[in-house]
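A.B. asks: Here you go, this is final12.cif (mmCIF, C-alpha atoms and all ligand atoms).
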data_final
#
loop_
_atom_site.label_atom_id
_atom_site.label_comp_id
_atom_site.auth_asym_id
_atom_site.auth_seq_id
_atom_site.Cartn_x
_atom_site.Cartn_y
_atom_site.Cartn_z
CA MET M 1 -43.41 104.64 -94.30
CA LEU M 2 -40.95 101.87 -95.08
CA VAL M 3 -41.71 100.19 -91.75
CA ARG M 4 -45.48 100.35 -92.45
CA CYS M 5 -44.98 98.78 -95.89
CA PHE M 6 -42.90 96.04 -94.32
CA ILE M 7 -45.56 95.31 -91.65
CA LEU M 8 -48.33 95.18 -94.28
CA PHE M 9 -46.25 92.86 -96.47
CA PHE M 10 -45.44 90.67 -93.46
CA MET M 11 -49.14 90.45 -92.45
CA ALA M 12 -50.24 89.59 -96.00
CA ASN M 13 -47.66 86.82 -96.05
CA ILE M 14 -48.92 85.40 -92.76
CA ALA M 15 -52.51 85.47 -94.06
CA GLN M 16 -51.37 83.72 -97.23
CA ALA M 17 -49.49 81.10 -95.22
CA ASN M 18 -52.72 80.15 -93.46
CA TRP M 19 -54.25 79.05 -96.76
CA HIS M 20 -53.37 75.48 -97.71
CA GLN M 21 -54.05 73.80 -101.00
CA GLN M 22 -53.33 70.64 -102.95
CA SER M 23 -54.27 69.38 -106.41
CA PHE M 24 -54.20 65.67 -107.18
CA ASP M 25 -55.59 63.06 -109.57
CA VAL M 26 -58.27 60.64 -108.40
CA MET M 27 -61.41 58.94 -109.74
CA GLY M 28 -60.20 59.44 -113.30
CA THR M 29 -60.15 63.22 -112.92
CA SER M 30 -58.35 66.07 -111.18
CA ALA M 31 -59.28 67.07 -107.65
CA HIS M 32 -58.43 70.07 -105.50
CA VAL M 33 -58.68 71.02 -101.83
CA GLU M 34 -58.07 74.44 -100.33
CA PHE M 35 -58.76 75.73 -96.80
CA TRP M 36 -57.80 78.21 -94.08
CA GLU M 37 -55.92 76.79 -91.08
CA PRO M 38 -53.21 78.55 -89.06
CA ASP M 39 -51.72 75.27 -87.71
CA GLU M 40 -49.35 74.06 -90.44
CA GLN M 41 -49.06 70.49 -89.16
CA LYS M 42 -52.82 70.06 -88.74
CA ALA M 43 -53.28 71.40 -92.27
CA ARG M 44 -50.87 68.86 -93.72
CA GLN M 45 -52.67 66.01 -91.95
CA LEU M 46 -56.05 67.23 -93.19
CA ILE M 47 -54.84 67.35 -96.79
CA GLU M 48 -53.67 63.75 -96.44
CA ARG M 49 -57.05 62.72 -95.02
CA VAL M 50 -58.91 64.41 -97.90
CA VAL M 51 -56.71 62.69 -100.51
CA SER M 52 -57.12 59.27 -98.88
CA GLU M 53 -60.89 59.72 -98.46
CA MET M 54 -61.23 60.31 -102.20
CA GLN M 55 -58.94 57.34 -102.93
CA ARG M 56 -60.99 55.15 -100.57
CA ILE M 57 -64.24 56.05 -102.38
CA ASP M 58 -62.61 55.36 -105.75
CA ALA M 59 -61.41 51.93 -104.51
CA THR M 60 -64.94 51.13 -103.30
CA MET M 61 -67.04 52.53 -106.13
CA SER M 62 -64.99 52.38 -109.34
CA PRO M 63 -66.34 50.03 -112.04
CA TYR M 64 -62.81 49.81 -113.45
CA ILE M 65 -61.24 48.37 -110.29
CA GLU M 66 -61.91 44.63 -110.21
CA SER M 67 -61.75 44.45 -106.39
CA SER M 68 -64.19 47.32 -105.79
CA GLU M 69 -67.52 46.70 -104.08
CA LEU M 70 -69.21 48.03 -107.20
CA SER M 71 -67.45 45.46 -109.41
CA ARG M 72 -68.54 42.73 -107.00
CA ILE M 73 -72.13 43.84 -107.55
CA ASN M 74 -71.74 43.93 -111.34
CA ASN M 75 -70.10 40.49 -111.35
CA SER M 76 -72.58 38.68 -109.11
CA ALA M 77 -75.81 40.55 -108.29
CA ALA M 78 -77.72 38.88 -111.15
CA ASN M 79 -76.91 35.47 -109.60
CA HIS M 80 -77.34 36.14 -105.89
CA PRO M 81 -77.78 39.05 -103.42
CA VAL M 82 -74.47 40.82 -102.78
CA LYS M 83 -73.84 42.19 -99.30
CA ILE M 84 -72.27 45.64 -99.39
CA SER M 85 -71.16 48.40 -97.03
CA GLU M 86 -73.81 50.63 -95.45
CA GLU M 87 -72.23 53.60 -97.27
CA LEU M 88 -72.59 52.07 -100.75
CA PHE M 89 -76.04 50.68 -99.91
CA GLN M 90 -77.27 54.16 -98.94
CA LEU M 91 -75.73 55.76 -102.05
CA LEU M 92 -77.43 53.18 -104.30
CA LYS M 93 -80.76 53.89 -102.63
CA LYS M 94 -80.18 57.62 -102.99
CA SER M 95 -79.51 57.06 -106.71
CA VAL M 96 -82.88 55.34 -106.97
CA ARG M 97 -84.55 58.33 -105.30
CA PHE M 98 -82.99 60.58 -107.98
CA SER M 99 -84.27 58.16 -110.65
CA GLU M 100 -87.77 58.50 -109.24
CA MET M 101 -87.49 62.28 -108.94
CA THR M 102 -86.27 62.64 -112.55
CA LYS M 103 -88.63 60.04 -114.06
CA GLY M 104 -85.71 57.83 -115.00
CA ALA M 105 -83.41 60.46 -116.54
CA PHE M 106 -80.89 59.64 -113.80
CA ASP M 107 -80.38 55.90 -113.83
CA ILE M 108 -77.20 54.15 -112.70
CA THR M 109 -78.22 51.05 -114.73
CA PHE M 110 -77.44 53.18 -117.83
CA ALA M 111 -74.17 51.23 -117.60
CA SER M 112 -75.91 48.11 -118.96
CA VAL M 113 -75.38 49.83 -122.33
CA GLY M 114 -72.90 52.51 -121.22
CA TYR M 115 -70.09 50.03 -120.55
CA LEU M 116 -69.89 49.32 -124.28
CA TYR M 117 -68.73 52.88 -125.02
CA ASP M 118 -65.01 53.61 -124.95
CA TYR M 119 -64.49 57.31 -125.59
CA ARG M 120 -60.69 57.14 -125.66
CA GLU M 121 -60.75 54.31 -128.20
CA ARG M 122 -63.60 56.04 -130.14
CA LYS M 123 -65.80 52.96 -129.73
CA ALA M 124 -69.60 52.89 -129.52
CA PRO M 125 -72.02 49.94 -129.65
CA SER M 126 -73.96 49.38 -132.88
CA ASP M 127 -77.61 50.50 -133.11
CA GLU M 128 -78.57 46.83 -133.11
CA THR M 129 -76.71 46.10 -129.87
CA ILE M 130 -78.19 49.20 -128.25
CA GLU M 131 -81.69 48.06 -129.21
CA GLN M 132 -81.06 44.60 -127.76
CA ARG M 133 -79.62 45.85 -124.45
CA LYS M 134 -81.69 49.02 -123.91
CA GLU M 135 -84.35 47.22 -121.86
CA LEU M 136 -81.65 46.38 -119.30
CA ILE M 137 -81.55 50.07 -118.38
CA ASN M 138 -84.13 50.25 -115.63
CA PHE M 139 -83.44 51.24 -112.02
CA ARG M 140 -86.34 49.04 -110.95
CA SER M 141 -84.22 45.98 -111.80
CA MET M 142 -82.23 46.59 -108.61
CA HIS M 143 -83.63 44.90 -105.55
CA PHE M 144 -82.58 46.00 -102.07
CA ASP M 145 -82.72 44.05 -98.83
CA ASP M 146 -82.57 46.58 -95.97
CA SER M 147 -82.02 44.08 -93.19
CA GLU M 148 -79.20 42.25 -95.03
CA LEU M 149 -77.72 45.40 -96.65
CA SER M 150 -77.63 43.51 -99.93
CA VAL M 151 -78.48 44.26 -103.55
CA SER M 152 -79.50 41.94 -106.35
CA PHE M 153 -80.47 42.37 -110.00
CA THR M 154 -83.68 40.89 -111.30
CA LYS M 155 -82.12 40.26 -114.76
CA GLN M 156 -78.87 38.96 -116.22
CA GLY M 157 -76.85 41.64 -118.03
CA VAL M 158 -77.71 44.57 -115.74
CA ARG M 159 -74.73 46.75 -114.79
CA ILE M 160 -74.42 49.85 -112.66
CA ASP M 161 -72.01 52.80 -112.61
CA LEU M 162 -71.94 55.64 -110.08
CA GLY M 163 -70.01 58.09 -112.32
CA GLY M 164 -72.89 60.57 -112.12
CA ILE M 165 -73.02 60.78 -108.31
CA ALA M 166 -69.90 59.30 -106.63
CA LYS M 167 -67.70 62.39 -107.03
CA GLY M 168 -70.38 64.52 -105.38
CA HIS M 169 -70.55 62.01 -102.54
CA ALA M 170 -66.75 62.13 -102.18
CA VAL M 171 -66.77 65.94 -102.07
CA ASP M 172 -69.49 65.90 -99.38
CA ASN M 173 -67.51 63.43 -97.26
CA CYS M 174 -64.36 65.58 -97.53
CA ILE M 175 -66.20 68.80 -96.63
CA SER M 176 -67.71 67.00 -93.67
CA LEU M 177 -64.34 65.74 -92.42
CA LEU M 178 -62.85 69.25 -92.73
CA GLU M 179 -65.83 70.76 -90.92
CA LYS M 180 -65.56 68.22 -88.09
CA ALA M 181 -61.89 69.15 -87.74
CA GLY M 182 -62.92 72.76 -87.11
CA ILE M 183 -62.25 74.20 -90.59
CA GLN M 184 -64.62 77.06 -91.45
CA ASN M 185 -63.44 78.17 -94.90
CA ALA M 186 -62.81 75.52 -97.53
CA PHE M 187 -63.15 74.56 -101.17
CA VAL M 188 -63.19 70.91 -102.30
CA GLN M 189 -63.49 69.87 -105.93
CA ALA M 190 -63.46 66.56 -107.83
CA GLY M 191 -63.81 66.96 -111.59
CA GLY M 192 -66.91 69.08 -112.23
CA ASP M 193 -68.17 68.82 -108.64
CA SER M 194 -67.27 71.50 -106.11
CA ARG M 195 -68.44 72.47 -102.65
CA LEU M 196 -67.63 75.49 -100.53
CA LEU M 197 -67.54 75.64 -96.77
CA GLY M 198 -68.18 79.18 -95.58
CA ASP M 199 -66.72 82.06 -97.58
CA LYS M 200 -63.13 82.90 -98.53
CA LYS M 201 -62.48 84.79 -95.28
CA GLY M 202 -64.67 87.84 -95.91
CA ARG M 203 -64.92 87.43 -99.68
CA LEU M 204 -67.04 85.16 -101.86
CA TRP M 205 -65.44 82.22 -103.63
CA THR M 206 -65.58 82.47 -107.41
CA ILE M 207 -66.32 79.30 -109.34
CA GLY M 208 -65.73 79.40 -113.07
CA ILE M 209 -68.01 77.67 -115.53
CA ARG M 210 -65.80 76.72 -118.43
CA HIS M 211 -66.56 77.52 -122.03
CA PRO M 212 -67.94 74.25 -123.42
CA ARG M 213 -66.11 74.51 -126.73
CA GLU M 214 -62.92 76.44 -125.87
CA LYS M 215 -60.90 74.41 -123.42
CA ASP M 216 -59.06 77.04 -121.40
CA LYS M 217 -61.70 79.75 -121.57
CA VAL M 218 -64.01 80.52 -118.65
CA LEU M 219 -67.52 81.41 -119.80
CA THR M 220 -68.68 82.96 -116.56
CA GLN M 221 -67.60 83.30 -112.92
CA VAL M 222 -70.19 82.60 -110.24
CA PRO M 223 -69.59 84.19 -106.81
CA LEU M 224 -70.73 81.76 -104.09
CA GLU M 225 -70.41 80.74 -100.44
CA ASN M 226 -71.40 77.68 -98.43
CA VAL M 227 -73.01 75.75 -101.32
CA ALA M 228 -72.22 73.04 -103.83
CA ILE M 229 -72.03 73.51 -107.60
CA SER M 230 -71.70 70.75 -110.20
CA THR M 231 -71.29 71.00 -113.94
CA SER M 232 -72.01 68.23 -116.44
CA GLY M 233 -70.77 68.82 -119.97
CA ASP M 234 -70.65 66.99 -123.28
CA TYR M 235 -66.96 67.94 -123.60
CA GLU M 236 -65.67 65.86 -120.69
CA ARG M 237 -65.39 62.50 -122.43
CA PHE M 238 -66.35 62.34 -126.09
CA PHE M 239 -65.40 61.71 -129.69
CA ILE M 240 -66.92 62.91 -132.94
CA ASP M 241 -68.17 60.29 -135.38
CA LYS M 242 -69.57 61.39 -138.76
CA GLY M 243 -70.31 64.81 -137.32
CA GLU M 244 -72.10 63.37 -134.29
CA ARG M 245 -70.79 64.01 -130.77
CA ILE M 246 -70.71 60.72 -128.87
CA HIS M 247 -70.22 61.57 -125.18
CA HIS M 248 -70.49 60.12 -121.70
CA ILE M 249 -73.95 61.28 -120.57
CA ILE M 250 -76.43 58.68 -121.73
CA ASN M 251 -80.16 59.11 -122.19
CA PRO M 252 -81.58 55.93 -120.58
CA LYS M 253 -84.47 55.97 -123.06
CA SER M 254 -82.26 55.74 -126.15
CA GLY M 255 -79.02 54.25 -124.80
CA LYS M 256 -77.26 57.06 -126.70
CA SER M 257 -75.65 60.37 -125.74
CA ALA M 258 -78.15 63.01 -124.59
CA SER M 259 -78.14 65.88 -127.06
CA ASP M 260 -80.41 68.70 -125.86
CA SER M 261 -77.78 70.44 -123.73
CA ILE M 262 -74.09 71.25 -123.97
CA SER M 263 -73.47 72.07 -120.32
CA VAL M 264 -75.55 72.07 -117.14
CA SER M 265 -74.53 73.58 -113.79
CA ILE M 266 -76.58 72.95 -110.66
CA ILE M 267 -76.25 74.82 -107.38
CA ALA M 268 -77.54 72.99 -104.28
CA SER M 269 -76.69 72.80 -100.60
CA ASP M 270 -74.83 69.48 -100.95
CA SER M 271 -72.61 68.07 -103.65
CA THR M 272 -74.30 64.66 -104.02
CA THR M 273 -77.55 66.41 -104.98
CA ALA M 274 -75.81 68.90 -107.29
CA ASP M 275 -73.92 66.06 -108.99
CA ALA M 276 -76.93 63.79 -109.55
CA LEU M 277 -79.11 66.67 -110.72
CA SER M 278 -76.54 68.10 -113.15
CA THR M 279 -76.39 64.73 -114.92
CA SER M 280 -80.21 64.42 -114.75
CA VAL M 281 -80.97 67.89 -116.12
CA PHE M 282 -78.44 67.32 -118.89
CA VAL M 283 -80.45 64.24 -119.93
CA LEU M 284 -83.86 65.93 -119.49
CA GLY M 285 -82.89 68.91 -121.67
CA PRO M 286 -83.55 72.58 -120.84
CA GLU M 287 -87.35 72.54 -120.94
CA LYS M 288 -88.11 69.54 -118.72
CA GLY M 289 -84.94 70.13 -116.73
CA LEU M 290 -85.90 73.68 -115.75
CA GLN M 291 -89.44 72.54 -114.97
CA LEU M 292 -87.98 70.10 -112.45
CA ILE M 293 -85.47 72.54 -110.92
CA ASN M 294 -88.09 75.30 -110.59
CA GLN M 295 -90.12 72.93 -108.39
CA LEU M 296 -87.22 72.17 -106.07
CA PRO M 297 -86.66 74.82 -103.38
CA GLY M 298 -83.06 75.97 -102.87
CA ILE M 299 -81.77 74.48 -106.15
CA SER M 300 -80.69 76.55 -109.15
CA ALA M 301 -79.65 75.72 -112.70
CA ILE M 302 -77.53 77.38 -115.39
CA ILE M 303 -77.86 75.58 -118.72
CA ILE M 304 -76.15 76.07 -122.06
CA ASP M 305 -78.62 74.57 -124.50
CA LYS M 306 -77.73 72.80 -127.74
CA ASN M 307 -77.82 76.13 -129.60
CA GLY M 308 -75.30 77.64 -127.19
CA LYS M 309 -77.92 79.83 -125.47
CA LEU M 310 -77.74 80.34 -121.69
CA GLN M 311 -80.90 79.44 -119.77
CA TYR M 312 -81.47 79.95 -116.03
CA SER M 313 -83.85 78.66 -113.36
CA ASP M 314 -86.51 81.16 -112.20
CA ASP M 315 -84.76 82.02 -108.91
CA LEU M 316 -81.64 83.21 -110.78
CA LEU M 317 -83.73 85.23 -113.27
CA ALA M 318 -85.50 86.98 -110.37
CA GLN M 319 -82.19 88.25 -108.89
P1 LIG M 401 -71.39 64.00 -114.61
O1 LIG M 401 -70.11 64.52 -115.14
O2 LIG M 401 -71.58 64.18 -113.15
O3 LIG M 401 -72.56 64.42 -115.38
O4 LIG M 401 -71.34 62.44 -114.75
C1 LIG M 401 -71.24 61.82 -115.97
C2 LIG M 401 -71.12 60.37 -115.66
O5 LIG M 401 -72.38 59.89 -115.16
C3 LIG M 401 -70.83 59.51 -116.87
O6 LIG M 401 -69.45 59.44 -117.11
C4 LIG M 401 -71.43 58.20 -116.43
O7 LIG M 401 -70.52 57.52 -115.59
C5 LIG M 401 -72.63 58.60 -115.60
N1 LIG M 401 -73.91 58.66 -116.36
C6 LIG M 401 -74.09 58.84 -117.70
N2 LIG M 401 -75.40 58.88 -118.01
C7 LIG M 401 -76.07 58.70 -116.84
C8 LIG M 401 -77.45 58.65 -116.50
N3 LIG M 401 -78.42 58.79 -117.42
N4 LIG M 401 -77.78 58.47 -115.20
C9 LIG M 401 -76.81 58.31 -114.25
N5 LIG M 401 -75.50 58.37 -114.51
C10 LIG M 401 -75.13 58.57 -115.79
MG MG M 402 -73.25 64.55 -112.11
#
Now that the file is in, can you turn its structure into structure tokens?
C.D. replies:
Amino acid sequence: MLVRCFILFFMANIAQANWHQQSFDVMGTSAHVEFWEPDEQKARQLIERVVSEMQRIDATMSPYIESSELSRINNSAANHPVKISEELFQLLKKSVRFSEMTKGAFDITFASVGYLYDYRERKAPSDETIEQRKELINFRSMHFDDSELSVSFTKQGVRIDLGGIAKGHAVDNCISLLEKAGIQNAFVQAGGDSRLLGDKKGRLWTIGIRHPREKDKVLTQVPLENVAISTSGDYERFFIDKGERIHHIINPKSGKSASDSISVSIIASDSTTADALSTSVFVLGPEKGLQLINQLPGISAIIIDKNGKLQYSDDLLAQ
């Protein structure tokens, strides 16, 4: 009996030792990677590659890093076409496709007004400034040259920010590098964007959707495998001014925080799509947002509306 207990304990420990995980800070948020790999040394190298891939994307796409490719665009694209990497070029064009799909709810030129908000410093632009600059929010002001891989802005004052899609892109890249290295069971997360490779060795992964008003409380656990899930919430970066919640998801039509939802989670097969659509549906609000998601095969939505009520896409209701 004692020997059997010992063997079971020993086997459980070996199984546990094959799981590797690391949490780290990147892209202004916390990230996490976890996967199954019996080779300890290979696992350590893969964790390093995941961390540096996320750091590389941050260094390329952050609007806060002066040397990033994105800052180069913001500094010069209104004066002349700016040549950029194929990766950034394709992500910008993908952003435009999401703008078209969401009738402008997703628009990376939101930053033309968005850059004037500073949530930590509790600063927001005046109504007058918003009115003056609002017309600069328009994804059609970006011009792409496919043969040169360059981008230019058709107006002075336009700015872009990939905060609504870059983390999803980073998660996809990391899942892809793990998959190419032969990993079959993995979880990669950057802020509200997560993607799962396979299952958790015979079990489903459980992804928690946090309570939007109680920081450490999980509202619901979603059992998933081999998909991406992204959550956008009005609690991520915000301050309250005269009873109004000023937060980081901007309605391109008003230049102000979108207010029809509190939290939106999107499930899709890749993280870039889940990320862009969670931001988009947040802006669209539950009614238009669910209309859009119900038309898109293989994509699901869980929304907490402004009254705190949970709403689901049709496919989830049918289950
Ligand atoms: P997420 O947490 O994925 O919803 O991303 C929120 C981030 O997306 C914000 O911090 C902004 O950087 C960016 N963002 C805000 N509003 C929009 C918008 N209407 N379209 C695209 N990106 C946006
Ligand atoms: Mg997003």
A.B. asks: Need to verify the contact set: Gln156 in chain M, 9 Å, only C-alpha atoms, exclusion of same-chain residues closer than 4 positions in sequence. Can you return it as JSON, numbers by chain?
C.D. replies: {"M": [77, 78, 79, 136]}
A.B. asks: Could you save those same residues with C-alpha atoms as a PDB file, in the frame of the given file?
C.D. replies:
ATOM      1  CA  ALA M  77     -75.810  40.550-108.290  1.00  0.00           C
ATOM      2  CA  ALA M  78     -77.720  38.880-111.150  1.00  0.00           C
ATOM      3  CA  ASN M  79     -76.910  35.470-109.600  1.00  0.00           C
ATOM      4  CA  LEU M 136     -81.650  46.380-119.300  1.00  0.00           C
TER       5      LEU M 136
END
A.B. asks: In terms of the shortest atom-to-atom distance over all atoms listed in the file, which of M:Gln22, M:Ser194, M:Ser232, M:Ser150 is closest to Ala170 in chain M?
C.D. replies: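 Of the candidates, the smallest distance to Ala170 in chain M is held by M:Ser194.
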A.B. asks: Restricting the calculation to only C-alpha atoms: of M:Lys93, M:Lys309, M:Lys180, M:Arg122, which residue gets closest to Phe239 in chain M?
C.D. replies: M:Arg122
A.B. asks: Which residue, M:Leu88, M:Val151, M:Ala166, M:Ile229, has the smallest gap to Ile73 in chain M when you use all atoms listed in the file?
C.D. replies: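 Among the listed residues, M:Val151 lies closest to Ile73 in chain M.
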A.B. asks: Within 7 Å of ligand LIG 401 (chain M), counting all atoms listed in the file: which residues, as number ranges by chain?
C.D. replies: M: 105-108, 110, 161-165, 192, 231-233, 248-252, 275-276, 278-280, 283
A.B. asks: Pull C-alpha atoms from the residues just selected and write them as a compact mmCIF listing (two decimals), keeping the file's coordinate frame.
C.D. replies:
# COMPACT_ATOMS: atom_id res chain seq x y z
CA ALA M 105 -83.41 60.46 -116.54
CA PHE M 106 -80.89 59.64 -113.80
CA ASP M 107 -80.38 55.90 -113.83
CA ILE M 108 -77.20 54.15 -112.70
CA PHE M 110 -77.44 53.18 -117.83
CA ASP M 161 -72.01 52.80 -112.61
CA LEU M 162 -71.94 55.64 -110.08
CA GLY M 163 -70.01 58.09 -112.32
CA GLY M 164 -72.89 60.57 -112.12
CA ILE M 165 -73.02 60.78 -108.31
CA GLY M 192 -66.91 69.08 -112.23
CA THR M 231 -71.29 71.00 -113.94
CA SER M 232 -72.01 68.23 -116.44
CA GLY M 233 -70.77 68.82 -119.97
CA HIS M 248 -70.49 60.12 -121.70
CA ILE M 249 -73.95 61.28 -120.57
CA ILE M 250 -76.43 58.68 -121.73
CA ASN M 251 -80.16 59.11 -122.19
CA PRO M 252 -81.58 55.93 -120.58
CA ASP M 275 -73.92 66.06 -108.99
CA ALA M 276 -76.93 63.79 -109.55
CA SER M 278 -76.54 68.10 -113.15
CA THR M 279 -76.39 64.73 -114.92
CA SER M 280 -80.21 64.42 -114.75
CA VAL M 283 -80.45 64.24 -119.93
A.B. asks: For each of M:Pro81, M:Gly289, M:Pro38, M:Gly191, take the minimum atom-to-atom distance to ligand MG 402 (chain M), counting only C-alpha atoms and all ligand atoms, then give the residue where this is smallest.
C.D. replies: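 Among M:Pro81, M:Gly289, M:Pro38, M:Gly191, it is M:Gly191 that comes nearest to ligand MG 402 (chain M).
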A.B. asks: Applying 7 Å and all atoms listed in the file, which residues near Gly208 in chain M remain after dropping the ones on its own chain fewer than 6 positions away? List them as a list in words.
C.D. replies: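 My list of contacting residues is Val218, Thr220, Gln221 and Val222 of chain M.
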A.B. asks: Calculate how many Å separate CA of Ser263 in chain M from CA of Asp25 in chain M, rounding to one decimal.
C.D. replies: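 Separating CA of Ser263 in chain M from CA of Asp25 in chain M is a distance of 22.7 Å.
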A.B. asks: Between M:Asp314, M:Lys217, M:Asn307, M:Val113, single out the one closest to Asp127 in chain M, counting only C-alpha atoms.
C.D. replies: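 So, comparing all the options, the nearest one is M:Val113.
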A.B. asks: Taking all atoms listed in the file into account, name the residue in M:Lys167, M:His143, M:Lys83, M:Lys306 that is nearest to ligand MG 402 (chain M).
C.D. replies: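 The shortest atom-to-atom distance to ligand MG 402 (chain M) comes from M:Lys167.
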A.B. asks: Supply range 194-207 of chain M as a PDB file, keeping the file's coordinate frame, with N, CA, C and O atoms built in where the input has gaps.
C.D. replies:
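Result written to selection_12.pdb:
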ATOM      1  N   SER M 194     -67.954  70.688-107.118  1.00  0.00           N
ATOM      2  CA  SER M 194     -67.270  71.500-106.110  1.00  0.00           C
ATOM      3  C   SER M 194     -68.213  71.826-104.968  1.00  0.00           C
ATOM      4  O   SER M 194     -69.423  71.943-105.159  1.00  0.00           O
ATOM      5  N   ARG M 195     -67.630  71.990-103.773  1.00  0.00           N
ATOM      6  CA  ARG M 195     -68.440  72.470-102.650  1.00  0.00           C
ATOM      7  C   ARG M 195     -67.613  73.436-101.807  1.00  0.00           C
ATOM      8  O   ARG M 195     -66.414  73.232-101.613  1.00  0.00           O
ATOM      9  N   LEU M 196     -68.279  74.450-101.311  1.00  0.00           N
ATOM     10  CA  LEU M 196     -67.630  75.490-100.530  1.00  0.00           C
ATOM     11  C   LEU M 196     -68.121  75.438 -99.107  1.00  0.00           C
ATOM     12  O   LEU M 196     -69.325  75.298 -98.867  1.00  0.00           O
ATOM     13  N   LEU M 197     -67.179  75.550 -98.186  1.00  0.00           N
ATOM     14  CA  LEU M 197     -67.540  75.640 -96.770  1.00  0.00           C
ATOM     15  C   LEU M 197     -67.275  77.091 -96.379  1.00  0.00           C
ATOM     16  O   LEU M 197     -66.146  77.576 -96.489  1.00  0.00           O
ATOM     17  N   GLY M 198     -68.319  77.774 -95.947  1.00  0.00           N
ATOM     18  CA  GLY M 198     -68.180  79.180 -95.580  1.00  0.00           C
ATOM     19  C   GLY M 198     -67.784  80.032 -96.774  1.00  0.00           C
ATOM     20  O   GLY M 198     -67.966  79.637 -97.932  1.00  0.00           O
ATOM     21  N   ASP M 199     -67.187  81.199 -96.490  1.00  0.00           N
ATOM     22  CA  ASP M 199     -66.720  82.060 -97.580  1.00  0.00           C
ATOM     23  C   ASP M 199     -65.189  82.011 -97.633  1.00  0.00           C
ATOM     24  O   ASP M 199     -64.577  81.172 -96.985  1.00  0.00           O
ATOM     25  N   LYS M 200     -64.595  82.927 -98.412  1.00  0.00           N
ATOM     26  CA  LYS M 200     -63.130  82.900 -98.530  1.00  0.00           C
ATOM     27  C   LYS M 200     -62.544  83.952 -97.585  1.00  0.00           C
ATOM     28  O   LYS M 200     -61.840  84.846 -98.008  1.00  0.00           O
ATOM     29  N   LYS M 201     -62.908  83.848 -96.325  1.00  0.00           N
ATOM     30  CA  LYS M 201     -62.480  84.790 -95.280  1.00  0.00           C
ATOM     31  C   LYS M 201     -62.879  86.220 -95.678  1.00  0.00           C
ATOM     32  O   LYS M 201     -62.026  87.054 -96.001  1.00  0.00           O
ATOM     33  N   GLY M 202     -64.190  86.475 -95.665  1.00  0.00           N
ATOM     34  CA  GLY M 202     -64.670  87.840 -95.910  1.00  0.00           C
ATOM     35  C   GLY M 202     -64.971  88.150 -97.363  1.00  0.00           C
ATOM     36  O   GLY M 202     -65.525  89.196 -97.678  1.00  0.00           O
ATOM     37  N   ARG M 203     -64.580  87.244 -98.258  1.00  0.00           N
ATOM     38  CA  ARG M 203     -64.920  87.430 -99.680  1.00  0.00           C
ATOM     39  C   ARG M 203     -65.703  86.221-100.152  1.00  0.00           C
ATOM     40  O   ARG M 203     -65.689  85.181 -99.501  1.00  0.00           O
ATOM     41  N   LEU M 204     -66.365  86.339-101.308  1.00  0.00           N
ATOM     42  CA  LEU M 204     -67.040  85.160-101.860  1.00  0.00           C
ATOM     43  C   LEU M 204     -66.007  84.343-102.645  1.00  0.00           C
ATOM     44  O   LEU M 204     -65.010  84.888-103.136  1.00  0.00           O
ATOM     45  N   TRP M 205     -66.246  83.048-102.741  1.00  0.00           N
ATOM     46  CA  TRP M 205     -65.440  82.220-103.630  1.00  0.00           C
ATOM     47  C   TRP M 205     -65.946  82.492-105.051  1.00  0.00           C
ATOM     48  O   TRP M 205     -67.127  82.794-105.233  1.00  0.00           O
ATOM     49  N   THR M 206     -65.067  82.376-106.038  1.00  0.00           N
ATOM     50  CA  THR M 206     -65.580  82.470-107.410  1.00  0.00           C
ATOM     51  C   THR M 206     -65.330  81.148-108.126  1.00  0.00           C
ATOM     52  O   THR M 206     -64.201  80.651-108.163  1.00  0.00           O
ATOM     53  N   ILE M 207     -66.418  80.584-108.626  1.00  0.00           N
ATOM     54  CA  ILE M 207     -66.320  79.300-109.340  1.00  0.00           C
ATOM     55  C   ILE M 207     -66.553  79.592-110.819  1.00  0.00           C
ATOM     56  O   ILE M 207     -67.560  80.193-111.201  1.00  0.00           O
TER      57      ILE M 207
END
